[in-house]
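What follows is a set of notes on a single structure, which appears directly below.
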Amino acid sequence: MQPHNPDLRVTQRRSVILQRFGLGLSLLALSTVCVAMGLRVEPSTPECGAPVIAPAVPPRAAQSRLAESQAVRGQLDVLWVWLGSPTSRYPHTALGSPVHAGSLHALVAGPEGAVREVVYSLPFHRVFEDRVPRLADLDGDGRDEIIVVESDAIRGAALVVLGLRPQSQTDASRDKPSAQGLLELARSPYAGAPFRWLNPVGVSDFDGDGRLDIASVTTPHIGGVLTLHHFRPPVLEPYARAMDVSNHRMGALEQRLAAIVEAPGHRPTVIVPDMQLRALHALRWEAPGQWRELAELKPMAERIERLTPAAGGACALLSDGSWWRVVLMP
Ligand SMILES: [Ca+2]
Ligand SMILES: [Ca+2]
């Protein structure tokens with residue numbers, strides 16, 4: 001597909017974005033788009049952006065995980081993590097099924113080296129409305145943080161970070177090494193109402209302060225808001241929002257629909273579809289605190305079904321089954 005100029009419809013859509021970014025500062029920044037930058041799209045293959053190594057086989061304990069969810073292997077203090085306790089107590093079908101997880105499970109190395117499973121169970125009015133727990137060492141302390149979407153029956157979804165921490169000890173066990181348990185470390189504000197959902201984008205240092213942040217899209221089906229959060233336990237503190245994007249199709253299992261591009265000398269760029277999943281934005285949070293749209297909204301030939309990271313850009317699968325390499329040009 002050759003790059004081409006956005007038509008009037010796309011131009012109008014982009015102007016809506018500009019108007020709805022909210023802050024005057026953002027509008028000022030977006031008016032200074034560098035014309036040398038852009039998104040180049042070229043035909044590719046299913047191997048585009050996909051790791052060639054075979055995924056590790058999950059442990060036996062993870063076989064009872066939530067249907068169509070992923071067990072994830074860690075490199076630090078979490079050996080494996082997965083979602084469990086399937087329940088239909090929160091009948092929202094954003095991910096194609098009303099069944100969600102009531103618990104989070106991790107395999108950890110015990111004090112004597114023995115591997116054991118720890119379980120974090122939610123109260124009855126909450127579920128994990130997610131299909132993959134994400135691991136990252138957000139604070140650089142050598143321990144994993146687990147990022148997952150939790151939904152509350154009244155207040156809707158929130159982004160939650162959990163981690164392994166020593167469990168409280170009894171007097172009798174105080175001279176022994178303490179066992180690790182899963183604890184909530186931080187959470188974002190709620191989406192605000194039942195069945196309001198959010199979908200994570202990923203982790204990077206979006207504001208260049210040397211500490212990792214989390215990006216997500218709140219309400220991706222009804223007017224998605226790309227939100228950047230600082231990890232400041234006990235809260236995930238939103239500090240930047242961009243309107244009218246989406247990183248999920250209602251009812252789809254696929255949650256990967258945005259990519260973070262890291263380039264030396266620049267803050268990370270988020271490539272994320274527009275609300276119709278028919279075009280791509282390239283957004284960067286610039287100093288001293290404003291969005292910059294790095295390229296014209298890039299129309300795609302069909303609806304975007306998946307967007308995964310690839311060197312210098314992303315890999316897109318469209319609804320007609322075609323694969324495309326998306327390159328962020330400097
Ligand atoms: Ca950590
Ligand atoms: Ca940061």
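Naming works like this for the structure tokens: A, B, ... for the chains as they're shown, residue 1 at the start of each chain, ligands 1 onward in shown order.
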Find the residues near Val148 (chain A): any atom within 8 Å, counting only C-alpha atoms, skip ones fewer than 2 places away on the same chain, and give them as a PDB file with N, CA and C atoms, in the first residue's frame.
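File produced: around-v3.pdb:
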ATOM      1  N   PHE A 128     -11.300  -9.951  37.609  1.00  0.00           N
ATOM      2  CA  PHE A 128     -10.266  -9.513  36.678  1.00  0.00           C
ATOM      3  C   PHE A 128     -10.866  -9.632  35.278  1.00  0.00           C
ATOM      4  N   ASP A 130      -9.887  -9.400  32.124  1.00  0.00           N
ATOM      5  CA  ASP A 130      -8.620  -9.356  31.403  1.00  0.00           C
ATOM      6  C   ASP A 130      -8.333 -10.777  30.940  1.00  0.00           C
ATOM      7  N   VAL A 132      -4.781 -11.514  30.128  1.00  0.00           N
ATOM      8  CA  VAL A 132      -3.331 -11.712  30.269  1.00  0.00           C
ATOM      9  C   VAL A 132      -2.786 -10.802  31.372  1.00  0.00           C
ATOM     10  N   PRO A 133      -2.156 -11.381  32.408  1.00  0.00           N
ATOM     11  CA  PRO A 133      -1.446 -10.540  33.373  1.00  0.00           C
ATOM     12  C   PRO A 133      -0.105 -10.117  32.772  1.00  0.00           C
ATOM     13  N   ARG A 134       0.240  -8.838  32.931  1.00  0.00           N
ATOM     14  CA  ARG A 134       1.478  -8.313  32.322  1.00  0.00           C
ATOM     15  C   ARG A 134       2.527  -8.096  33.404  1.00  0.00           C
ATOM     16  N   ILE A 146       2.840  -6.900  38.644  1.00  0.00           N
ATOM     17  CA  ILE A 146       1.853  -7.562  37.784  1.00  0.00           C
ATOM     18  C   ILE A 146       0.752  -6.554  37.484  1.00  0.00           C
ATOM     19  N   GLU A 150      -8.968  -4.868  36.549  1.00  0.00           N
ATOM     20  CA  GLU A 150      -9.954  -5.355  37.514  1.00  0.00           C
ATOM     21  C   GLU A 150     -11.240  -4.571  37.302  1.00  0.00           C
ATOM     22  N   LEU A 159      -7.173  -0.069  36.465  1.00  0.00           N
ATOM     23  CA  LEU A 159      -5.882  -0.701  36.238  1.00  0.00           C
ATOM     24  C   LEU A 159      -5.265  -0.956  37.610  1.00  0.00           C
ATOM     25  N   VAL A 160      -4.810  -2.182  37.835  1.00  0.00           N
ATOM     26  CA  VAL A 160      -4.300  -2.542  39.158  1.00  0.00           C
ATOM     27  C   VAL A 160      -2.907  -3.146  39.024  1.00  0.00           C
ATOM     28  N   VAL A 161      -2.051  -2.808  39.956  1.00  0.00           N
ATOM     29  CA  VAL A 161      -0.691  -3.378  40.009  1.00  0.00           C
ATOM     30  C   VAL A 161      -0.560  -4.184  41.288  1.00  0.00           C
TER      31      VAL A 161
END
Cut-off 10 Å, only C-alpha atoms and all ligand atoms, neighbours of ligand 1 as a short mmCIF file (atom, residue, chain, number, x, y, z; two decimals) with C-alpha atoms, in the first residue's frame:
data_model
loop_
_atom_site.label_atom_id
_atom_site.label_comp_id
_atom_site.auth_asym_id
_atom_site.auth_seq_id
_atom_site.Cartn_x
_atom_site.Cartn_y
_atom_site.Cartn_z
CA LEU A 76 12.41 -12.05 38.38
CA ASP A 77 10.55 -13.14 41.52
CA LEU A 135 4.84 -8.35 34.11
CA ALA A 136 7.19 -5.38 34.49
CA ASP A 137 9.63 -4.15 37.12
CA LEU A 138 8.02 -0.73 37.37
CA ASP A 139 10.18 0.59 40.24
CA GLY A 140 13.47 -1.08 39.32
CA ASP A 141 13.82 -2.99 42.58
CA GLY A 142 14.39 -6.34 40.90
CA ARG A 143 10.92 -7.62 41.72
CA ASP A 144 8.09 -8.08 39.25
CA GLU A 145 4.99 -5.97 39.27
CA ILE A 146 1.85 -7.56 37.78
CA LEU A 162 0.10 -6.30 42.30
CA GLY A 163 3.37 -7.72 43.55
CA LEU A 164 4.88 -10.33 45.83
#
| request: Residues within 9 Å of ligand 2 should be enumerated using only C-alpha atoms and all ligand atoms and returned as a ChimeraX atom specification. | output: /A:204-214,229-231
| task | Enumerate as an NGL selection string all residues of region 167-285 of chain A assigned to strand (DSSP E or B) by DSSP on the backbone, naming them with the chain letters and numbers the document uses. | result | :A and (180-187 or 198-204 or 213-218 or 224-232 or 235-245 or 257 or 259-261 or 269-274 or 279-285)
| said: If we count only C-alpha atoms and set the cut-off at 6 Å, which residues sit around region 102-115 of chain A, ignoring sequence neighbours fewer than 4 positions away in its own chain? Please answer as an NGL selection string. | reply: :A and (78-85 or 119-122 or 127)
Go ahead and write the selection's residues with C-alpha atoms as a compact mmCIF listing (two decimals), in the first residue's frame.
# COMPACT_ATOMS: atom_id res chain seq x y z
CA VAL A 78 7.42 -14.33 39.70
CA LEU A 79 8.07 -17.64 37.94
CA TRP A 80 4.64 -17.84 36.33
CA VAL A 81 1.41 -15.87 36.69
CA TRP A 82 -2.11 -16.56 35.42
CA LEU A 83 -5.79 -15.78 35.94
CA GLY A 84 -8.05 -18.31 37.66
CA SER A 85 -11.42 -18.98 39.33
CA VAL A 119 -3.31 -16.96 45.17
CA TYR A 120 -4.93 -13.54 45.33
CA SER A 121 -8.74 -13.76 45.37
CA LEU A 122 -11.07 -10.86 44.69
CA VAL A 127 -13.39 -9.69 38.78
If we count only C-alpha atoms and set the cut-off at 6 Å, which residues sit around region 313-330 of chain A, ignoring sequence neighbours fewer than 2 positions away in its own chain? Please answer as a PDB file with N, CA and C atoms, in the first residue's frame.
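Produced file result23.pdb, reproduced below:
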ATOM      1  N   MET A  37       8.277  13.836   9.820  1.00  0.00           N
ATOM      2  CA  MET A  37       7.881  12.600  10.473  1.00  0.00           C
ATOM      3  C   MET A  37       6.671  12.006   9.773  1.00  0.00           C
ATOM      4  N   GLY A  38       6.510  10.729   9.951  1.00  0.00           N
ATOM      5  CA  GLY A  38       5.339  10.116   9.367  1.00  0.00           C
ATOM      6  C   GLY A  38       5.284   8.635   9.671  1.00  0.00           C
ATOM      7  N   LEU A  39       4.158   8.025   9.344  1.00  0.00           N
ATOM      8  CA  LEU A  39       4.008   6.589   9.451  1.00  0.00           C
ATOM      9  C   LEU A  39       4.032   6.031   8.041  1.00  0.00           C
ATOM     10  N   ARG A  40       4.956   5.112   7.795  1.00  0.00           N
ATOM     11  CA  ARG A  40       5.009   4.444   6.498  1.00  0.00           C
ATOM     12  C   ARG A  40       4.427   3.054   6.678  1.00  0.00           C
ATOM     13  N   VAL A  41       3.585   2.654   5.752  1.00  0.00           N
ATOM     14  CA  VAL A  41       2.925   1.357   5.844  1.00  0.00           C
ATOM     15  C   VAL A  41       3.274   0.555   4.602  1.00  0.00           C
ATOM     16  N   GLU A  42       3.718  -0.683   4.805  1.00  0.00           N
ATOM     17  CA  GLU A  42       4.104  -1.511   3.666  1.00  0.00           C
ATOM     18  C   GLU A  42       3.638  -2.948   3.893  1.00  0.00           C
ATOM     19  N   PRO A  43       3.359  -3.688   2.819  1.00  0.00           N
ATOM     20  CA  PRO A  43       2.877  -5.073   2.970  1.00  0.00           C
ATOM     21  C   PRO A  43       3.887  -5.932   3.716  1.00  0.00           C
ATOM     22  N   SER A  44       3.378  -6.868   4.486  1.00  0.00           N
ATOM     23  CA  SER A  44       4.274  -7.735   5.245  1.00  0.00           C
ATOM     24  C   SER A  44       3.680  -9.141   5.324  1.00  0.00           C
ATOM     25  N   THR A  45       4.154  -9.928   6.288  1.00  0.00           N
ATOM     26  CA  THR A  45       3.765 -11.333   6.429  1.00  0.00           C
ATOM     27  C   THR A  45       3.358 -11.603   7.869  1.00  0.00           C
ATOM     28  N   CYS A  48       5.709 -10.842  10.691  1.00  0.00           N
ATOM     29  CA  CYS A  48       5.967  -9.446  11.040  1.00  0.00           C
ATOM     30  C   CYS A  48       5.719  -9.221  12.529  1.00  0.00           C
ATOM     31  N   GLY A  49       6.761  -8.848  13.223  1.00  0.00           N
ATOM     32  CA  GLY A  49       6.617  -8.477  14.628  1.00  0.00           C
ATOM     33  C   GLY A  49       6.450  -9.624  15.594  1.00  0.00           C
ATOM     34  N   VAL A 261       6.768   2.715  20.561  1.00  0.00           N
ATOM     35  CA  VAL A 261       8.011   2.746  19.793  1.00  0.00           C
ATOM     36  C   VAL A 261       9.057   3.532  20.579  1.00  0.00           C
ATOM     37  N   GLU A 302      -8.282  -1.618   5.688  1.00  0.00           N
ATOM     38  CA  GLU A 302      -9.386  -2.325   6.338  1.00  0.00           C
ATOM     39  C   GLU A 302      -9.287  -2.069   7.843  1.00  0.00           C
ATOM     40  N   ARG A 303     -10.242  -2.625   8.584  1.00  0.00           N
ATOM     41  CA  ARG A 303     -10.222  -2.453  10.035  1.00  0.00           C
ATOM     42  C   ARG A 303      -9.000  -3.150  10.642  1.00  0.00           C
ATOM     43  N   ILE A 304      -8.401  -2.509  11.613  1.00  0.00           N
ATOM     44  CA  ILE A 304      -7.213  -3.061  12.269  1.00  0.00           C
ATOM     45  C   ILE A 304      -7.669  -4.075  13.319  1.00  0.00           C
ATOM     46  N   GLU A 305      -7.132  -5.299  13.210  1.00  0.00           N
ATOM     47  CA  GLU A 305      -7.517  -6.391  14.123  1.00  0.00           C
ATOM     48  C   GLU A 305      -6.475  -6.623  15.216  1.00  0.00           C
ATOM     49  N   ARG A 306      -5.228  -6.319  14.889  1.00  0.00           N
ATOM     50  CA  ARG A 306      -4.148  -6.526  15.850  1.00  0.00           C
ATOM     51  C   ARG A 306      -3.024  -5.568  15.510  1.00  0.00           C
ATOM     52  N   LEU A 307      -2.380  -5.029  16.555  1.00  0.00           N
ATOM     53  CA  LEU A 307      -1.220  -4.177  16.350  1.00  0.00           C
ATOM     54  C   LEU A 307      -0.202  -4.546  17.417  1.00  0.00           C
ATOM     55  N   THR A 308       0.947  -5.064  16.980  1.00  0.00           N
ATOM     56  CA  THR A 308       1.962  -5.513  17.930  1.00  0.00           C
ATOM     57  C   THR A 308       3.282  -4.795  17.644  1.00  0.00           C
ATOM     58  N   PRO A 309       4.145  -4.677  18.658  1.00  0.00           N
ATOM     59  CA  PRO A 309       5.398  -3.955  18.459  1.00  0.00           C
ATOM     60  C   PRO A 309       6.311  -4.650  17.464  1.00  0.00           C
ATOM     61  N   ALA A 310       7.061  -3.861  16.724  1.00  0.00           N
ATOM     62  CA  ALA A 310       8.127  -4.355  15.852  1.00  0.00           C
ATOM     63  C   ALA A 310       9.197  -3.270  15.848  1.00  0.00           C
ATOM     64  N   ALA A 311      10.401  -3.622  15.482  1.00  0.00           N
ATOM     65  CA  ALA A 311      11.500  -2.659  15.551  1.00  0.00           C
ATOM     66  C   ALA A 311      11.147  -1.380  14.788  1.00  0.00           C
TER      67      ALA A 311
END
| task | Would you please work out which residue, of A:Pro299, A:Pro59, A:Pro200, A:Pro194, is nearest to Glu254 (chain A) when using only C-alpha atoms? | result |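 Checking each of A:Pro299, A:Pro59, A:Pro200, A:Pro194 against Glu254 (chain A), counting only C-alpha atoms, the winner is A:Pro200.
The two atoms in question, CA of Thr93 (chain A) and CA of Arg249 (chain A), are spaced 11.3 Å apart.
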| What is the distance, in Å and to one decimal place, between CA of Thr219 (chain A) and CA of Met275 (chain A)? |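 Those two atoms sit 10.4 Å apart.
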| task | Determine the nearest neighbour of Glu117 (chain A) from the options A:Gly181, A:Arg284, A:Glu129, A:Ile154, counting only C-alpha atoms. | result | A:Gly181
| task | Extract the full set of helix (DSSP H, G or I) residues from region 31-175 of chain A according to DSSP on the backbone, and format it as an NGL selection string. | result | :A and (60-64 or 171-173)
I'd like the neighbourhood of Tyr90 (chain A) as a short mmCIF file (atom, residue, chain, number, x, y, z; two decimals) with N, CA and C atoms, in the first residue's frame, where a residue qualifies if any of its atoms comes within 8 Å (using only C-alpha atoms), though same-chain residues fewer than 6 positions away should be ignored.
data_model
loop_
_atom_site.label_atom_id
_atom_site.label_comp_id
_atom_site.auth_asym_id
_atom_site.auth_seq_id
_atom_site.Cartn_x
_atom_site.Cartn_y
_atom_site.Cartn_z
N PRO A 98 -18.85 -13.66 28.94
CA PRO A 98 -19.21 -13.08 30.24
C PRO A 98 -18.44 -13.70 31.40
N VAL A 99 -17.56 -14.64 31.09
CA VAL A 99 -16.80 -15.33 32.15
C VAL A 99 -15.47 -14.61 32.36
N HIS A 100 -15.21 -14.25 33.60
CA HIS A 100 -13.97 -13.55 33.95
C HIS A 100 -13.30 -14.28 35.12
N HIS A 125 -17.79 -8.78 44.51
CA HIS A 125 -18.26 -7.71 43.61
C HIS A 125 -17.19 -7.30 42.60
N ARG A 126 -16.09 -8.04 42.52
CA ARG A 126 -15.05 -7.68 41.56
C ARG A 126 -14.56 -8.90 40.79
N VAL A 127 -14.03 -8.64 39.59
CA VAL A 127 -13.39 -9.69 38.78
C VAL A 127 -12.16 -9.09 38.11
N ALA A 153 -18.36 -4.08 40.29
CA ALA A 153 -19.76 -4.14 39.88
C ALA A 153 -20.41 -2.76 39.82
#
| said: So, with only C-alpha atoms as the atoms that count, which of A:Ala71, A:Ala301, A:Ala295, A:Leu277 lies closest to Pro55 (chain A)? | reply: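 Comparing A:Ala71, A:Ala301, A:Ala295, A:Leu277 against Pro55 (chain A), the winner is A:Ala71.
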| request: Please indicate the distance in Å from CA of Arg65 (chain A) to CA of Gln255 (chain A), rounded to one decimal place. | output: 17.7 Å
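Distances to Trp285 (chain A) were evaluated for A:Gly74, A:Pro268, A:Gly192, A:Pro273 using only C-alpha atoms, and the minimum falls at A:Pro268.
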| task | Kindly indicate which residue among A:Gln290, A:Ser216, A:Ser246, A:Ser151 lies nearest to Ile260 (chain A), using only C-alpha atoms for the distances. | result |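 Result for the nearest residue to Ile260 (chain A): A:Ser216.
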| message | I'd like to know which of A:Val272, A:Val118, A:Ala287, A:Ala263 is closest to Gln180 (chain A), using only C-alpha atoms. | response | A:Val118
